[in-house]
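Structure file input27.txt with compact mmCIF, C-alpha atoms and all ligand atoms:
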# COMPACT_ATOMS: atom_id res chain seq x y z
CA MET A 178 54.75 0.89 35.60
CA PHE A 179 51.95 0.83 33.08
CA LEU A 180 50.99 3.87 31.11
CA ILE A 181 47.32 3.96 30.29
CA GLU A 182 46.37 6.22 27.45
CA ASN A 183 43.66 8.63 28.40
CA SER A 184 41.33 8.94 25.41
CA ASP A 185 40.01 12.26 26.75
CA THR A 186 43.35 13.94 26.12
CA LYS A 187 43.79 12.52 22.62
CA GLU A 188 42.80 14.93 19.90
CA ARG A 189 40.20 13.33 17.63
CA GLU A 190 40.02 14.03 13.93
CA LYS A 191 37.18 16.41 13.12
CA PHE A 192 34.44 15.41 10.69
CA ASP A 193 35.01 18.39 8.42
CA GLY A 194 33.52 16.55 5.41
CA GLY A 195 30.07 15.97 6.89
CA ILE A 196 27.86 13.01 7.71
CA ILE A 197 26.70 10.37 5.20
CA PRO A 198 23.80 8.02 6.01
CA PHE A 199 24.84 4.81 4.26
CA SER A 200 22.28 2.05 3.69
CA GLY A 201 24.38 -0.15 1.41
CA GLY A 202 22.11 0.55 -1.59
CA ILE A 203 23.10 1.90 -5.00
CA ASP A 204 22.11 5.53 -4.32
CA SER A 205 23.91 6.01 -0.99
CA SER A 206 26.90 4.02 -2.31
CA GLY A 207 27.07 6.46 -5.21
CA VAL A 208 27.04 9.46 -2.88
CA LEU A 209 29.58 7.84 -0.57
CA TYR A 210 31.96 7.03 -3.42
CA HIS A 211 31.53 10.52 -4.87
CA CYS A 212 32.26 12.25 -1.52
CA LEU A 213 35.30 10.15 -0.58
CA THR A 214 36.96 10.34 -4.00
CA LYS A 215 36.21 14.03 -4.68
CA ASN A 216 37.25 15.21 -1.21
CA PRO A 217 40.27 13.11 -0.17
CA GLU A 218 41.43 15.81 2.27
CA LYS A 219 38.12 15.77 4.15
CA HIS A 220 37.11 13.38 6.94
CA PHE A 221 33.56 11.93 6.86
CA LEU A 222 31.30 10.24 9.38
CA LEU A 223 29.37 7.33 7.85
CA MET A 224 26.37 5.96 9.69
CA LYS A 225 24.24 2.90 9.11
CA VAL A 226 20.86 3.01 10.83
CA CYS A 227 19.43 -0.51 11.14
CA LEU A 228 15.64 -0.41 11.37
CA TYR A 229 14.06 -3.59 12.71
CA ASN A 230 10.29 -3.53 12.29
CA SER A 231 7.95 -6.48 11.77
CA ILE A 232 9.10 -7.22 8.20
CA SER A 233 12.62 -5.86 7.81
CA ALA A 234 14.89 -8.64 9.17
CA ASN A 235 15.78 -10.03 5.71
CA ARG A 236 16.46 -6.54 4.40
CA MET A 237 18.72 -5.63 7.34
CA THR A 238 20.67 -8.88 6.89
CA LYS A 239 21.41 -8.07 3.25
CA GLU A 240 22.03 -4.35 3.83
CA LYS A 241 24.54 -4.99 6.62
CA GLU A 242 26.35 -7.54 4.45
CA ALA A 243 26.51 -4.93 1.69
CA VAL A 244 27.70 -2.11 3.98
CA HIS A 245 30.58 -4.10 5.46
CA ALA A 246 31.67 -5.54 2.10
CA ILE A 247 31.69 -2.04 0.57
CA LEU A 248 33.59 -0.48 3.48
CA ASN A 249 36.25 -3.20 3.22
CA TYR A 250 36.43 -2.63 -0.54
CA LEU A 251 36.94 1.12 -0.04
CA ARG A 252 39.63 0.61 2.62
CA ASP A 253 41.45 -1.85 0.32
CA ALA A 254 41.23 0.74 -2.46
CA GLY A 255 43.01 3.25 -0.19
CA LEU A 256 39.93 5.33 0.63
CA LYS A 257 40.20 5.69 4.38
CA ASN A 258 38.98 9.26 4.96
CA PHE A 259 36.01 8.14 7.03
CA GLU A 260 34.85 6.64 10.31
CA TYR A 261 31.86 4.32 10.58
CA ARG A 262 29.12 4.08 13.20
CA GLU A 263 26.18 1.67 13.35
CA MET A 264 22.91 2.24 15.22
CA GLU A 265 19.97 -0.13 15.70
CA TYR A 266 16.32 0.57 16.46
CA HIS A 267 13.93 -2.32 17.20
CA TYR A 268 10.19 -1.63 16.99
CA PRO A 269 8.43 -4.81 15.67
CA THR A 270 5.68 -4.52 18.27
CA LEU A 271 4.44 -1.32 16.62
CA GLY A 272 3.13 -3.37 13.67
CA VAL A 273 2.96 -1.29 10.52
CA PRO A 274 5.67 1.33 11.14
CA PRO A 275 4.02 4.69 11.90
CA LEU A 276 7.05 6.57 10.53
CA TRP A 277 8.91 6.71 7.25
CA ASP A 278 12.34 5.06 7.47
CA SER A 279 14.00 8.34 6.47
CA GLU A 280 12.33 10.17 9.36
CA ILE A 281 14.05 7.79 11.79
CA VAL A 282 17.36 7.99 9.90
CA TYR A 283 17.33 11.80 10.05
CA PHE A 284 16.46 11.74 13.75
CA ALA A 285 19.37 9.33 14.33
CA ALA A 286 21.71 11.49 12.22
CA ALA A 287 20.73 14.49 14.32
CA THR A 288 21.76 12.72 17.53
CA CYS A 289 25.18 12.01 15.94
CA ILE A 290 25.51 15.66 14.95
CA ARG A 291 24.83 16.65 18.56
CA ALA A 292 27.83 14.50 19.54
CA TYR A 293 30.03 15.99 16.78
CA PRO A 294 28.85 19.62 16.48
CA GLU A 295 31.47 20.55 13.89
CA ILE A 296 29.45 18.60 11.29
CA ASN A 297 27.75 21.17 9.09
CA CYS A 298 26.27 19.12 6.26
CA LEU A 299 24.56 15.81 5.51
CA TYR A 300 24.87 14.04 2.16
CA GLU A 301 21.66 12.46 0.87
CA GLY A 302 21.47 9.78 -1.83
CA VAL A 303 18.66 11.30 -3.88
CA THR A 304 18.54 10.46 -7.60
CA ALA A 305 16.63 11.94 -10.54
CA ASP A 306 14.37 8.83 -10.45
CA ASP A 307 13.15 9.73 -6.95
CA TYR A 308 11.26 12.76 -8.23
CA GLU A 309 9.12 10.62 -10.53
CA GLY A 310 7.02 8.82 -7.88
CA GLU A 311 3.28 9.20 -8.28
CA GLY A 312 1.06 10.87 -5.71
CA THR A 313 3.82 12.18 -3.46
CA ASP A 314 5.51 15.51 -3.35
CA PHE A 315 9.08 14.39 -2.93
CA ASN A 316 10.42 17.88 -2.20
CA GLU A 317 7.90 18.25 0.62
CA ARG A 318 9.15 15.01 2.16
CA LEU A 319 12.79 16.14 1.87
CA ASP A 320 11.89 19.45 3.55
CA LYS A 321 10.25 17.55 6.40
CA TYR A 322 13.35 15.37 6.91
CA ALA A 323 15.52 18.50 6.95
CA ASP A 324 13.21 20.10 9.53
CA ILE A 325 13.46 17.01 11.77
CA LEU A 326 17.24 17.01 11.51
CA ARG A 327 17.77 20.70 12.20
CA LEU A 328 15.29 20.71 15.10
CA VAL A 329 16.85 17.70 16.88
CA ALA A 330 20.47 18.70 16.06
CA ASP A 331 19.84 22.31 17.12
CA LYS A 332 20.99 23.65 13.75
CA THR A 333 19.56 26.14 11.27
CA ALA A 334 19.47 26.39 7.47
CA ASP A 335 22.26 28.98 7.78
CA ASN A 336 24.72 26.70 9.55
CA PHE A 337 23.69 23.26 8.28
CA SER A 338 23.06 22.13 4.69
CA ILE A 339 21.60 19.00 3.13
CA GLN A 340 23.66 18.15 0.04
CA MET A 341 22.33 15.98 -2.79
CA PRO A 342 25.31 15.80 -5.16
CA LEU A 343 23.84 13.13 -7.45
CA ASN A 344 20.22 14.29 -7.68
CA HIS A 345 20.70 15.18 -11.37
CA MET A 346 21.70 11.59 -12.17
CA THR A 347 19.47 8.58 -12.81
CA LYS A 348 20.05 5.29 -11.04
CA LEU A 349 21.45 3.92 -14.29
CA GLU A 350 24.00 6.74 -14.44
CA ILE A 351 25.00 6.10 -10.83
CA MET A 352 25.39 2.39 -11.60
CA ARG A 353 27.81 3.36 -14.35
CA LEU A 354 29.65 5.76 -12.02
CA LEU A 355 30.45 3.04 -9.47
CA PRO A 356 33.32 0.57 -9.93
CA PRO A 357 31.65 -2.68 -11.11
CA GLU A 358 33.02 -4.63 -8.14
CA LEU A 359 31.51 -2.13 -5.70
CA LEU A 360 28.20 -2.04 -7.59
CA ASN A 361 27.91 -5.81 -7.24
CA MET A 362 28.23 -5.49 -3.45
CA THR A 363 25.28 -3.07 -3.12
CA TRP A 364 21.84 -4.11 -1.88
CA SER A 365 18.75 -2.00 -2.63
CA CYS A 366 15.77 -4.41 -2.44
CA ARG A 367 13.34 -3.62 0.39
CA TYR A 368 11.81 -7.10 0.68
CA PRO A 369 14.42 -9.82 -0.01
CA ILE A 370 12.89 -13.30 -0.25
CA PRO A 371 14.42 -16.76 0.34
CA LYS A 372 15.59 -18.36 -2.88
CA GLU A 373 13.66 -21.50 -1.97
CA THR A 374 11.85 -22.89 1.06
CA TYR A 375 14.15 -23.35 4.07
CA SER A 376 16.97 -21.48 2.28
CA TYR A 377 18.98 -18.74 3.93
CA LYS A 378 19.99 -17.39 0.54
CA LEU A 379 18.02 -14.23 -0.08
CA GLU A 380 17.20 -12.80 -3.50
CA ARG A 381 15.73 -9.53 -4.76
CA CYS A 382 11.91 -9.44 -4.80
CA HIS A 383 11.57 -7.60 -8.16
CA PHE A 384 8.36 -5.83 -7.03
CA CYS A 385 9.46 -3.19 -4.50
CA PRO A 386 10.06 0.38 -5.83
CA PRO A 387 13.90 0.16 -5.91
CA CYS A 388 13.74 -3.27 -7.63
CA LYS A 389 11.43 -1.86 -10.31
CA VAL A 390 13.81 1.04 -11.03
CA ILE A 391 16.84 -1.27 -11.00
CA ASP A 392 15.22 -3.88 -13.25
CA LYS A 393 14.36 -1.15 -15.74
CA ALA A 394 17.90 0.26 -15.56
CA LEU A 395 19.45 -3.18 -15.93
CA VAL A 396 17.88 -3.52 -19.37
CA ASP A 397 20.26 -0.74 -20.48
CA PHE A 398 23.15 -1.69 -18.24
CA GLU A 399 25.82 -4.01 -19.53
CA GLY A 400 28.07 -6.06 -17.30
CA ARG A 401 25.62 -7.01 -14.58
CA ASN A 402 22.79 -9.50 -14.49
ZN ZN B 1 12.81 -5.69 -4.13

Show me, as structure tokens, the structure contained in the file I just sent.
Ligand SMILES: [Zn+2]
Amino acid sequence: MFLIENSDTKEREKFDGGIIPFSGGIDSSGVLYHCLTKNPEKHFLLMKVCLYNSISANRMTKEKEAVHAILNYLRDAGLKNFEYREMEYHYPTLGVPPLWDSEIVYFAAATCIRAYPEINCLYEGVTADDYEGEGTDFNERLDKYADILRLVADKTADNFSIQMPLNHMTKLEIMRLLPPELLNMTWSCRYPIPKETYSYKLERCHFCPPCKVIDKALVDFEGRN
């Protein structure tokens, strides 16, 4: 006689730590590392939202490589207080994306929170550098993302918080916070380019906003080139 385990009767571990959107970049890696190491008794849900528009295939390739390398690194380091989910959205026929990436990520996070209603906070990888962009009110954008999330997840500001634990730190400070091995696995460039014609090896573009911040920080950062 075979006994088949019924997953419905098995108690799942609650995500009492919260949800962490994880792109594989320096900022979200910093938040992820901070949350897992500072709250070893808590259980987190990590989510990678893969956004395939008309120009993002190279970026998704590198980000997914980074995410899986980092998760393996964390597990090997004994940090296992998380579960990982991956979601994909394909919209290349829309041409220039009509939405900010973060708007889609927050919508996707909200659908996860509907599935796991005990989740009462989201950790966002905002840094001090993010507030220095010209011509945009960054706080207004963050408020909009929070509104999208709470509306779709059916939450309120009283029962759901957006945490930004590293928003007082610059990217350079976060680079110094991360173990060097983990830092070297991150990928933050938005528009990776082939190293040479017909090459699958992709390199940073050095002109997108994250590359500009990283290149500036690298001048002061020792141990990485
Ligand atoms: Zn770049």

Might you pull out every residue within 7 Å of Pro387 (chain A), with only C-alpha atoms counted and same-chain residues fewer than 3 positions away left off, and present them as a PyMOL selection string? chain A and resi 365-366+390-391

Residues within 7 Å of ligand ZN 1 (chain B) (all atoms listed in the file), as a PyMOL selection string? chain A and resi 366-369+381-388

Using all atoms listed in the file, find each residue of region 300-319 of chain A with at least one atom at most 10 Å away from an atom of region 193-198 of chain A; report its shortest atom-to-atom pair and that distance in Å (one decimal), sort the rows by chain and rising residue number, and return the result as a tab-separated table.
residue	atom	partner	partner_atom	distance
A:Tyr300	CA	A:Ile197	CA	5.1
A:Glu301	CA	A:Ile197	CA	7.0
A:Gly302	CA	A:Pro198	CA	8.4

Using the file's own x, y and z axes, what box holds all listed atoms of region 204-209 of chain A with 5 Å on each side, keeping edges along x, y and z, and what are its centre and edge lengths in Å to one decimal, as AutoDock Vina command-line options?
--center_x 25.8 --center_y 6.7 --center_z -2.9 --size_x 17.5 --size_y 15.4 --size_z 14.6

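CA of Tyr322 (chain A) is found 22.3 Å from CA of Arg236 (chain A).
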
Of A:Ile296, A:Ala285, A:Leu276, A:Ile290, the one nearest to Lys219 (chain A) when counting only C-alpha atoms is A:Ile296

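Distance annotation: of A:Asp314, A:Cys298, A:Leu319, A:Cys289, the residue with the minimal separation from Thr333 (chain A) is A:Cys298; atom set is all atoms listed in the file.
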
Between A:Glu240, A:Glu280, A:Glu260, A:Glu380, which one has atoms that come closest to Ser205 (chain A), using all atoms listed in the file? A:Glu240

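For the set A:Leu359, A:Val282, A:Gly201, A:Tyr229, the residue with the smallest atom-to-atom gap to Val244 (chain A) is A:Gly201, counting all atoms listed in the file.
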
What separates CA of Thr374 (chain A) and CA of Leu228 (chain A) is a distance of 25.0 Å

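Put simply, CA of Phe259 (chain A) is 5.4 Å away from CA of His220 (chain A).
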
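Using all atoms listed in the file, the shortest contact distance between Gly272 (chain A) and any of A:Ile232, A:Val329, A:Ile370, A:Leu223 is found at A:Ile232.
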
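Nearest residue to Ala305 (chain A), choosing from A:Ile351, A:Ala323, A:Leu251, A:Met346 and counting all atoms listed in the file: A:Met346.
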
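Residues in contact with Leu248 (chain A) at 12 Å, where only C-alpha atoms are counted and same-chain residues fewer than 6 positions away are skipped, are listed as Phe199, Ser200, Gly201, Ser206, Leu209, Tyr210, Leu213, Leu223, Met224, Lys225, Lys241, Glu242, Ala254, Gly255, Leu256, Lys257, Asn258, Phe259, Glu260, Tyr261, Arg262, Leu359, Met362 and Thr363 of chain A.
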